[in-house]
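Dumped run10.tsv below, it's TSV, N, CA and C atoms:
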```
chain	number	residue	atom	x	y	z
H	1	MET	N	-25.31	12.74	-1.55
H	1	MET	CA	-24.88	11.36	-1.59
H	1	MET	C	-23.55	11.23	-0.85
H	2	THR	N	-23.42	10.19	-0.09
H	2	THR	CA	-22.21	9.93	0.68
H	2	THR	C	-21.07	9.52	-0.25
H	3	GLU	N	-19.89	10.01	0.06
H	3	GLU	CA	-18.71	9.62	-0.72
H	3	GLU	C	-18.49	8.12	-0.59
H	4	PRO	N	-18.06	7.45	-1.66
H	4	PRO	CA	-17.76	6.02	-1.56
H	4	PRO	C	-16.56	5.79	-0.64
H	5	LEU	N	-16.56	4.65	-0.02
H	5	LEU	CA	-15.42	4.21	0.79
H	5	LEU	C	-14.46	3.52	-0.16
H	6	ARG	N	-13.24	4.02	-0.27
H	6	ARG	CA	-12.23	3.45	-1.18
H	6	ARG	C	-11.22	2.65	-0.38
H	7	ILE	N	-11.05	1.39	-0.76
H	7	ILE	CA	-10.11	0.51	-0.08
H	7	ILE	C	-9.36	-0.32	-1.11
H	8	SER	N	-8.28	-0.93	-0.67
H	8	SER	CA	-7.60	-1.95	-1.47
H	8	SER	C	-8.08	-3.30	-0.96
H	9	ALA	N	-8.07	-4.29	-1.83
H	9	ALA	CA	-8.50	-5.63	-1.43
H	9	ALA	C	-7.71	-6.07	-0.20
H	10	GLY	N	-8.44	-6.55	0.81
H	10	GLY	CA	-7.81	-7.03	2.03
H	10	GLY	C	-7.64	-5.99	3.11
H	11	ASP	N	-7.94	-4.70	2.84
H	11	ASP	CA	-7.79	-3.65	3.85
H	11	ASP	C	-8.77	-3.81	5.01
H	12	LEU	N	-9.99	-4.21	4.72
H	12	LEU	CA	-11.02	-4.37	5.74
H	12	LEU	C	-11.48	-5.82	5.78
H	13	ASP	N	-12.04	-6.22	6.93
H	13	ASP	CA	-12.59	-7.57	6.97
H	13	ASP	C	-13.98	-7.57	6.31
H	14	THR	N	-14.47	-8.73	6.03
H	14	THR	CA	-15.74	-8.90	5.33
H	14	THR	C	-16.88	-8.22	6.05
H	15	GLU	N	-16.93	-8.36	7.38
H	15	GLU	CA	-18.03	-7.76	8.15
H	15	GLU	C	-18.03	-6.24	8.05
H	16	ALA	N	-16.85	-5.62	8.06
H	16	ALA	CA	-16.77	-4.15	7.93
H	16	ALA	C	-17.26	-3.70	6.56
H	17	ILE	N	-16.94	-4.45	5.53
H	17	ILE	CA	-17.40	-4.12	4.18
H	17	ILE	C	-18.92	-4.24	4.11
H	18	LEU	N	-19.46	-5.35	4.62
H	18	LEU	CA	-20.91	-5.54	4.62
H	18	LEU	C	-21.61	-4.43	5.41
H	19	SER	N	-21.07	-4.08	6.54
H	19	SER	CA	-21.66	-3.02	7.36
H	19	SER	C	-21.72	-1.70	6.60
H	20	ALA	N	-20.65	-1.37	5.91
H	20	ALA	CA	-20.60	-0.12	5.14
H	20	ALA	C	-21.65	-0.12	4.03
H	21	ILE	N	-21.76	-1.21	3.28
H	21	ILE	CA	-22.73	-1.20	2.18
H	21	ILE	C	-24.17	-1.27	2.70
H	22	GLN	N	-24.38	-1.92	3.84
H	22	GLN	CA	-25.73	-1.96	4.41
H	22	GLN	C	-26.13	-0.59	4.97
H	23	ASP	N	-25.14	0.23	5.31
H	23	ASP	CA	-25.40	1.59	5.77
H	23	ASP	C	-25.61	2.56	4.61
H	24	GLY	N	-25.57	2.05	3.38
H	24	GLY	CA	-25.84	2.87	2.21
H	24	GLY	C	-24.62	3.40	1.48
H	25	ARG	N	-23.44	3.03	1.93
H	25	ARG	CA	-22.23	3.49	1.24
H	25	ARG	C	-21.87	2.52	0.13
H	26	ARG	N	-21.29	3.06	-0.92
H	26	ARG	CA	-20.67	2.22	-1.94
H	26	ARG	C	-19.24	1.99	-1.48
H	27	VAL	N	-18.77	0.78	-1.67
H	27	VAL	CA	-17.39	0.46	-1.33
H	27	VAL	C	-16.67	0.17	-2.63
H	28	VAL	N	-15.64	0.95	-2.92
H	28	VAL	CA	-14.83	0.77	-4.13
H	28	VAL	C	-13.57	0.04	-3.71
H	29	VAL	N	-13.42	-1.18	-4.21
H	29	VAL	CA	-12.29	-2.03	-3.87
H	29	VAL	C	-11.32	-2.05	-5.06
H	30	THR	N	-10.09	-1.64	-4.82
H	30	THR	CA	-9.07	-1.74	-5.85
H	30	THR	C	-8.39	-3.09	-5.69
H	31	THR	N	-8.38	-3.84	-6.78
H	31	THR	CA	-7.78	-5.17	-6.75
H	31	THR	C	-6.88	-5.34	-7.96
H	32	THR	N	-5.92	-6.23	-7.86
H	32	THR	CA	-4.99	-6.47	-8.95
H	32	THR	C	-5.22	-7.86	-9.52
H	33	VAL	N	-5.36	-7.91	-10.83
H	33	VAL	CA	-5.49	-9.18	-11.55
H	33	VAL	C	-4.40	-9.17	-12.61
H	34	GLY	N	-3.47	-10.10	-12.48
H	34	GLY	CA	-2.32	-10.09	-13.36
H	34	GLY	C	-1.49	-8.85	-13.05
H	35	ASN	N	-1.24	-8.04	-14.04
H	35	ASN	CA	-0.51	-6.79	-13.83
H	35	ASN	C	-1.41	-5.57	-13.88
H	36	GLU	N	-2.72	-5.78	-13.89
H	36	GLU	CA	-3.68	-4.68	-14.03
H	36	GLU	C	-4.44	-4.44	-12.73
H	37	GLU	N	-4.66	-3.17	-12.40
H	37	GLU	CA	-5.49	-2.80	-11.27
H	37	GLU	C	-6.90	-2.50	-11.76
H	38	TYR	N	-7.89	-2.95	-10.99
H	38	TYR	CA	-9.29	-2.73	-11.32
H	38	TYR	C	-10.03	-2.23	-10.09
H	39	ASP	N	-11.05	-1.42	-10.31
H	39	ASP	CA	-11.95	-1.01	-9.24
H	39	ASP	C	-13.23	-1.81	-9.34
H	40	ILE	N	-13.63	-2.39	-8.22
H	40	ILE	CA	-14.87	-3.13	-8.09
H	40	ILE	C	-15.76	-2.33	-7.15
H	41	VAL	N	-17.01	-2.10	-7.53
H	41	VAL	CA	-17.92	-1.34	-6.67
H	41	VAL	C	-18.91	-2.31	-6.04
H	42	LEU	N	-18.94	-2.31	-4.70
H	42	LEU	CA	-19.87	-3.13	-3.94
H	42	LEU	C	-20.95	-2.21	-3.40
H	43	ARG	N	-22.21	-2.63	-3.55
H	43	ARG	CA	-23.31	-1.78	-3.08
H	43	ARG	C	-24.54	-2.62	-2.76
H	44	TYR	N	-25.48	-1.96	-2.09
H	44	TYR	CA	-26.72	-2.61	-1.65
H	44	TYR	C	-27.85	-1.63	-1.83
H	45	ASP	N	-28.95	-2.05	-2.46
H	45	ASP	CA	-30.08	-1.14	-2.70
H	45	ASP	C	-31.23	-1.33	-1.71
H	46	GLY	N	-30.98	-2.12	-0.68
H	46	GLY	CA	-32.03	-2.39	0.31
H	46	GLY	C	-32.67	-3.75	0.13
H	47	SER	N	-32.47	-4.35	-1.03
H	47	SER	CA	-33.00	-5.70	-1.25
H	47	SER	C	-32.02	-6.60	-2.00
H	48	VAL	N	-31.17	-6.01	-2.84
H	48	VAL	CA	-30.21	-6.79	-3.63
H	48	VAL	C	-28.82	-6.20	-3.44
H	49	TYR	N	-27.84	-7.10	-3.31
H	49	TYR	CA	-26.43	-6.70	-3.22
H	49	TYR	C	-25.83	-6.78	-4.63
H	50	TYR	N	-24.92	-5.84	-4.94
H	50	TYR	CA	-24.31	-5.80	-6.26
H	50	TYR	C	-22.79	-5.72	-6.16
H	51	CYS	N	-22.13	-6.38	-7.12
H	51	CYS	CA	-20.69	-6.26	-7.34
H	51	CYS	C	-20.53	-5.80	-8.78
H	52	ASP	N	-20.18	-4.54	-8.96
H	52	ASP	CA	-19.97	-3.99	-10.30
H	52	ASP	C	-18.50	-4.17	-10.65
H	53	THR	N	-18.23	-5.06	-11.60
H	53	THR	CA	-16.86	-5.30	-12.04
H	53	THR	C	-16.68	-4.66	-13.42
H	54	PRO	N	-15.45	-4.55	-13.90
H	54	PRO	CA	-15.25	-3.96	-15.23
H	54	PRO	C	-15.95	-4.73	-16.36
H	55	THR	N	-16.26	-6.00	-16.12
H	55	THR	CA	-16.84	-6.80	-17.20
H	55	THR	C	-18.24	-7.31	-16.93
H	56	ARG	N	-18.70	-7.22	-15.66
H	56	ARG	CA	-19.97	-7.84	-15.35
H	56	ARG	C	-20.59	-7.23	-14.09
H	57	LEU	N	-21.91	-7.24	-14.03
H	57	LEU	CA	-22.64	-6.85	-12.83
H	57	LEU	C	-23.14	-8.13	-12.17
H	58	HIS	N	-22.62	-8.42	-10.99
H	58	HIS	CA	-23.07	-9.59	-10.23
H	58	HIS	C	-24.15	-9.15	-9.27
H	59	ARG	N	-25.20	-9.95	-9.16
H	59	ARG	CA	-26.29	-9.70	-8.20
H	59	ARG	C	-26.31	-10.81	-7.18
H	60	HIS	N	-26.51	-10.43	-5.93
H	60	HIS	CA	-26.63	-11.41	-4.85
H	60	HIS	C	-27.91	-11.11	-4.09
H	61	GLU	N	-28.72	-12.12	-3.93
H	61	GLU	CA	-30.05	-11.95	-3.33
H	61	GLU	C	-30.03	-11.96	-1.81
H	62	SER	N	-28.91	-12.35	-1.19
H	62	SER	CA	-28.88	-12.42	0.28
H	62	SER	C	-27.52	-11.95	0.81
H	63	GLU	N	-27.54	-11.59	2.08
H	63	GLU	CA	-26.29	-11.21	2.75
H	63	GLU	C	-25.30	-12.37	2.73
H	64	ARG	N	-25.81	-13.56	2.91
H	64	ARG	CA	-24.95	-14.76	2.90
H	64	ARG	C	-24.23	-14.91	1.57
H	65	GLU	N	-24.94	-14.71	0.46
H	65	GLU	CA	-24.32	-14.79	-0.87
H	65	GLU	C	-23.26	-13.70	-1.05
H	66	MET	N	-23.57	-12.48	-0.60
H	66	MET	CA	-22.62	-11.38	-0.74
H	66	MET	C	-21.37	-11.63	0.10
H	67	ARG	N	-21.56	-12.12	1.33
H	67	ARG	CA	-20.43	-12.43	2.20
H	67	ARG	C	-19.52	-13.46	1.53
H	68	ALA	N	-20.13	-14.49	0.96
H	68	ALA	CA	-19.36	-15.55	0.29
H	68	ALA	C	-18.58	-14.98	-0.90
H	69	CYS	N	-19.19	-14.07	-1.66
H	69	CYS	CA	-18.52	-13.46	-2.81
H	69	CYS	C	-17.33	-12.62	-2.35
H	70	ILE	N	-17.53	-11.79	-1.32
H	70	ILE	CA	-16.44	-10.94	-0.81
H	70	ILE	C	-15.26	-11.80	-0.37
H	71	ARG	N	-15.55	-12.89	0.31
H	71	ARG	CA	-14.48	-13.78	0.77
H	71	ARG	C	-13.81	-14.51	-0.40
H	72	ARG	N	-14.63	-15.05	-1.30
H	72	ARG	CA	-14.10	-15.83	-2.43
H	72	ARG	C	-13.21	-14.98	-3.34
H	73	MET	N	-13.62	-13.73	-3.54
H	73	MET	CA	-12.87	-12.86	-4.45
H	73	MET	C	-11.71	-12.16	-3.76
H	74	GLY	N	-11.60	-12.29	-2.43
H	74	GLY	CA	-10.48	-11.70	-1.71
H	74	GLY	C	-10.60	-10.22	-1.45
H	75	TYR	N	-11.83	-9.66	-1.54
H	75	TYR	CA	-12.02	-8.25	-1.30
H	75	TYR	C	-11.86	-7.90	0.17
H	76	GLY	N	-12.27	-8.82	1.05
H	76	GLY	CA	-12.14	-8.62	2.50
H	76	GLY	C	-11.05	-9.49	3.07
H	77	SER	N	-10.55	-9.10	4.23
H	77	SER	CA	-9.48	-9.90	4.86
H	77	SER	C	-10.06	-10.99	5.72
```

Structure re-expressed in structure tokens:
Amino acid sequence: MTEPLRISAGDLDTEAILSAIQDGRRVVVTTTVGNEEYDIVLRYDGSVYYCDTPTRLHRHESEREMRACIRRMGYGS
């Protein structure tokens, strides 16, 4: 299994993140909420995109939905 790509929120642009997960890599995004740091795991299983957060698993049925999530949450620059 390929090592996950570890980044901080805003390190890569949205397209680079999407490209990595579409190539089968998990992208671990470190983000800060309040005074706490959290790791979010972005991944793709070939049909569904996932955002694994500390409190919830988000599913996105299309690349368009995943792109919007990455931008809205500030994971990509």

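The space between atom C of Val48 of chain H and atom C of His60 of chain H spans 5.0 Å.
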
Centre and edge lengths, as AutoDock Vina command-line options, for the axis-aligned box enclosing every listed atom of segment 40-47 of chain H with 4 Å of padding on each of the six sides, in Å to one decimal?
```
--center_x -23.3 --center_y -3.9 --center_z -4.0 --size_x 27.4 --size_y 13.5 --size_z 16.5
```

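Closest approach to Ile70 of chain H from the set H:Tyr49, H:Asp23, H:Glu3, H:Thr14 is made by H:Thr14, with distances taken over all atoms listed in the file.
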
Q) At a cut-off of 6.5 Å from (-28.2, -9.6, -3.4) in the coordinates of the file, what residues are picked up using only N, CA and C atoms, written as number ranges by chain? A) H: 47-50, 59-63, 66

Q.
Taking only C-alpha atoms into account, name the residue in H:Leu5, H:Ile40, H:Gly76, H:Gly24 that is nearest to Thr55 of chain H.
A.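 The closest residue to Thr55 of chain H is H:Ile40.
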
Q | Exercise: Ser77 of chain H partners within 12 Å, only C-alpha atoms, chain neighbours under 4 positions left out, as a PyMOL selection string | A | chain H and resi 7-17+67+70-73

Q. How far is it from atom CA of Arg6 of chain H to atom CA of Arg25 of chain H, in Å with one decimal?
A. 10.3 Å

(Q) One decimal, in Å: what's the spacing between atom N of Glu65 of chain H and atom C of Thr2 of chain H? (A)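 These two atoms are separated by 24.5 Å.
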
Q. Mind checking DSSP for chain H and telling me the alpha helix (DSSP H) residues as a list in words?
A.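 Taking chain H and keeping alpha helix (DSSP H) only, one gets Thr14, Glu15, Ala16, Ile17, Leu18, Ser19, Ala20, Ile21, Gln22, Glu63, Arg64, Glu65, Met66, Arg67, Ala68, Cys69, Ile70, Arg71, Arg72 and Met73 of chain H.
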
Q | Residue list (strand (DSSP E or B), DSSP) for chain H, as a list in words | A | Leu5, Arg6, Ile7, Ser8, Val27, Val28, Val29, Thr30, Thr31, Thr32, Val33, Glu36, Glu37, Tyr38, Asp39, Ile40, Val41, Leu42, Arg43, Tyr44, Tyr49, Tyr50, Cys51, Asp52, Leu57, His58, Arg59 and His60 of chain H
